[in-house]
Amino acid sequence: MAKREFKNKRIQEIVKNIADDFRYSQEMGEYALLFYKADTKGMINGVEIEKMLEYVTTGLDELSKNIQWREEFLQENTGIDEIKMLENMKTIEEEYLELKQFLEK
């Protein structure tokens, strides 16, 4: 069975950041539980690798077509700084790309 250990500090940080985002929103769905477990155990295996890869790939696809979403979000949340939001989205994109590369090895 394939296994991925998060020995690299950067990958550990990325997994923790995603898990923390789920914790912040108090989500308990399949992906949230996957990232909680990965953050706690420091590794994933088998089908978990595929699920995590699916999550980051979908996330990257959504980020690439985010213009409409961003416009709607900014209209609903007028106090949000657009520059800060774009910086956050860029950080998320970079983290997802790094995690995707790690998972595809």
# chains A, B, ... in the order shown; residues from 1 in each chain; ligands from 1

$ select_by_dssp --residues "chain A" --states "strand (DSSP E or B)" --output "count of residues only"
6

$ residues_around --residues "Gly46 (chain A)" --least-positions-apart "5" --cutoff "10 Å" --atoms "only C-alpha atoms" --output "ChimeraX atom specification"
/A:1-4,51

$ atom_distance --atom1 "CA of Leu97 (chain A)" --atom2 "CA of Glu71 (chain A)"
23.9 Å

$ atom_distance --atom1 "CA of Thr58 (chain A)" --atom2 "CA of Glu27 (chain A)"
17.6 Å

$ select_by_dssp --residues "region 20-83 of chain A" --states "alpha helix (DSSP H)" --output "ChimeraX atom specification"
/A:20-24,30-41,47-64,67-76,82-83

$ write_last_selection --atoms "N, CA and C atoms" --output "tab-separated table (two decimals), in the first residue's frame"
chain	number	residue	atom	x	y	z
A	20	ASP	N	-6.28	23.49	9.60
A	20	ASP	CA	-6.69	24.63	10.43
A	20	ASP	C	-7.82	25.42	9.78
A	21	ASP	N	-7.80	25.55	8.46
A	21	ASP	CA	-8.91	26.22	7.76
A	21	ASP	C	-10.21	25.46	7.99
A	22	PHE	N	-10.14	24.13	7.92
A	22	PHE	CA	-11.33	23.32	8.19
A	22	PHE	C	-11.75	23.46	9.66
A	23	ARG	N	-10.78	23.50	10.56
A	23	ARG	CA	-11.11	23.66	11.99
A	23	ARG	C	-11.79	25.00	12.24
A	24	TYR	N	-11.27	26.03	11.61
A	24	TYR	CA	-11.83	27.38	11.77
A	24	TYR	C	-13.30	27.41	11.35
A	30	GLU	N	-15.89	14.80	4.74
A	30	GLU	CA	-14.88	13.80	4.39
A	30	GLU	C	-13.48	14.40	4.23
A	31	TYR	N	-13.38	15.51	3.50
A	31	TYR	CA	-12.07	16.12	3.29
A	31	TYR	C	-11.52	16.71	4.58
A	32	ALA	N	-12.38	17.32	5.36
A	32	ALA	CA	-11.94	17.90	6.64
A	32	ALA	C	-11.35	16.80	7.52
A	33	LEU	N	-12.06	15.69	7.64
A	33	LEU	CA	-11.58	14.58	8.48
A	33	LEU	C	-10.27	14.02	7.94
A	34	LEU	N	-10.13	13.98	6.62
A	34	LEU	CA	-8.89	13.51	6.00
A	34	LEU	C	-7.72	14.40	6.42
A	35	PHE	N	-7.91	15.72	6.34
A	35	PHE	CA	-6.83	16.64	6.70
A	35	PHE	C	-6.56	16.67	8.20
A	36	TYR	N	-7.61	16.51	9.02
A	36	TYR	CA	-7.40	16.43	10.47
A	36	TYR	C	-6.52	15.22	10.79
A	37	LYS	N	-6.85	14.09	10.19
A	37	LYS	CA	-6.10	12.85	10.43
A	37	LYS	C	-4.66	12.99	9.93
A	38	ALA	N	-4.50	13.54	8.73
A	38	ALA	CA	-3.16	13.71	8.16
A	38	ALA	C	-2.31	14.64	9.02
A	39	ASP	N	-2.92	15.71	9.52
A	39	ASP	CA	-2.21	16.66	10.37
A	39	ASP	C	-1.78	15.98	11.67
A	40	THR	N	-2.63	15.17	12.24
A	40	THR	CA	-2.34	14.51	13.51
A	40	THR	C	-1.30	13.40	13.36
A	41	LYS	N	-1.47	12.57	12.33
A	41	LYS	CA	-0.59	11.41	12.15
A	41	LYS	C	0.70	11.71	11.40
A	47	VAL	N	-5.95	5.03	-0.33
A	47	VAL	CA	-7.02	5.85	-0.89
A	47	VAL	C	-6.96	7.29	-0.37
A	48	GLU	N	-6.39	7.50	0.79
A	48	GLU	CA	-6.26	8.85	1.35
A	48	GLU	C	-5.42	9.75	0.43
A	49	ILE	N	-4.40	9.18	-0.18
A	49	ILE	CA	-3.56	9.94	-1.11
A	49	ILE	C	-4.40	10.42	-2.28
A	50	GLU	N	-5.20	9.52	-2.83
A	50	GLU	CA	-6.06	9.88	-3.96
A	50	GLU	C	-7.07	10.94	-3.58
A	51	LYS	N	-7.66	10.82	-2.39
A	51	LYS	CA	-8.66	11.79	-1.93
A	51	LYS	C	-8.03	13.16	-1.72
A	52	MET	N	-6.85	13.20	-1.15
A	52	MET	CA	-6.18	14.47	-0.91
A	52	MET	C	-5.78	15.10	-2.24
A	53	LEU	N	-5.31	14.30	-3.16
A	53	LEU	CA	-4.96	14.79	-4.49
A	53	LEU	C	-6.20	15.34	-5.20
A	54	GLU	N	-7.31	14.65	-5.06
A	54	GLU	CA	-8.58	15.11	-5.63
A	54	GLU	C	-8.96	16.47	-5.04
A	55	TYR	N	-8.80	16.61	-3.73
A	55	TYR	CA	-9.15	17.87	-3.06
A	55	TYR	C	-8.31	19.04	-3.59
A	56	VAL	N	-6.98	18.86	-3.64
A	56	VAL	CA	-6.13	19.98	-4.07
A	56	VAL	C	-6.30	20.26	-5.56
A	57	THR	N	-6.52	19.23	-6.37
A	57	THR	CA	-6.74	19.44	-7.80
A	57	THR	C	-8.03	20.22	-8.04
A	58	THR	N	-9.09	19.84	-7.35
A	58	THR	CA	-10.36	20.57	-7.45
A	58	THR	C	-10.19	22.00	-6.95
A	59	GLY	N	-9.47	22.16	-5.85
A	59	GLY	CA	-9.22	23.50	-5.31
A	59	GLY	C	-8.48	24.38	-6.30
A	60	LEU	N	-7.50	23.83	-6.96
A	60	LEU	CA	-6.75	24.59	-7.96
A	60	LEU	C	-7.63	24.97	-9.15
A	61	ASP	N	-8.48	24.05	-9.56
A	61	ASP	CA	-9.41	24.36	-10.65
A	61	ASP	C	-10.34	25.51	-10.26
A	62	GLU	N	-10.85	25.46	-9.04
A	62	GLU	CA	-11.75	26.51	-8.57
A	62	GLU	C	-11.03	27.86	-8.45
A	63	LEU	N	-9.81	27.83	-7.97
A	63	LEU	CA	-9.04	29.07	-7.86
A	63	LEU	C	-8.79	29.69	-9.23
A	64	SER	N	-8.59	28.86	-10.23
A	64	SER	CA	-8.30	29.38	-11.57
A	64	SER	C	-9.51	30.06	-12.21
A	67	ILE	N	-12.97	34.44	-10.67
A	67	ILE	CA	-13.33	35.85	-10.89
A	67	ILE	C	-14.78	36.11	-10.48
A	68	GLN	N	-15.70	35.28	-10.93
A	68	GLN	CA	-17.10	35.49	-10.57
A	68	GLN	C	-17.30	35.33	-9.07
A	69	TRP	N	-16.70	34.30	-8.50
A	69	TRP	CA	-16.82	34.07	-7.07
A	69	TRP	C	-16.28	35.27	-6.29
A	70	ARG	N	-15.12	35.77	-6.71
A	70	ARG	CA	-14.49	36.90	-6.02
A	70	ARG	C	-15.38	38.14	-6.07
A	71	GLU	N	-15.98	38.42	-7.22
A	71	GLU	CA	-16.87	39.57	-7.34
A	71	GLU	C	-18.07	39.45	-6.40
A	72	GLU	N	-18.68	38.26	-6.38
A	72	GLU	CA	-19.83	38.04	-5.49
A	72	GLU	C	-19.42	38.16	-4.02
A	73	PHE	N	-18.29	37.59	-3.68
A	73	PHE	CA	-17.81	37.63	-2.30
A	73	PHE	C	-17.56	39.07	-1.85
A	74	LEU	N	-16.92	39.86	-2.70
A	74	LEU	CA	-16.61	41.24	-2.34
A	74	LEU	C	-17.87	42.09	-2.24
A	75	GLN	N	-18.89	41.79	-3.03
A	75	GLN	CA	-20.15	42.53	-2.94
A	75	GLN	C	-20.86	42.21	-1.62
A	76	GLU	N	-20.78	40.96	-1.19
A	76	GLU	CA	-21.44	40.54	0.06
A	76	GLU	C	-20.65	40.96	1.29
A	82	GLU	N	-9.57	43.78	-0.87
A	82	GLU	CA	-9.39	42.93	-2.05
A	82	GLU	C	-7.94	42.50	-2.24
A	83	ILE	N	-7.01	43.38	-1.99
A	83	ILE	CA	-5.58	43.04	-2.15
A	83	ILE	C	-5.21	41.93	-1.19

$ closest_residue --among "A:Glu95, A:Phe102, A:Gly79, A:Asn45" --to "Lys16 (chain A)" --atoms "only C-alpha atoms"
A:Glu95
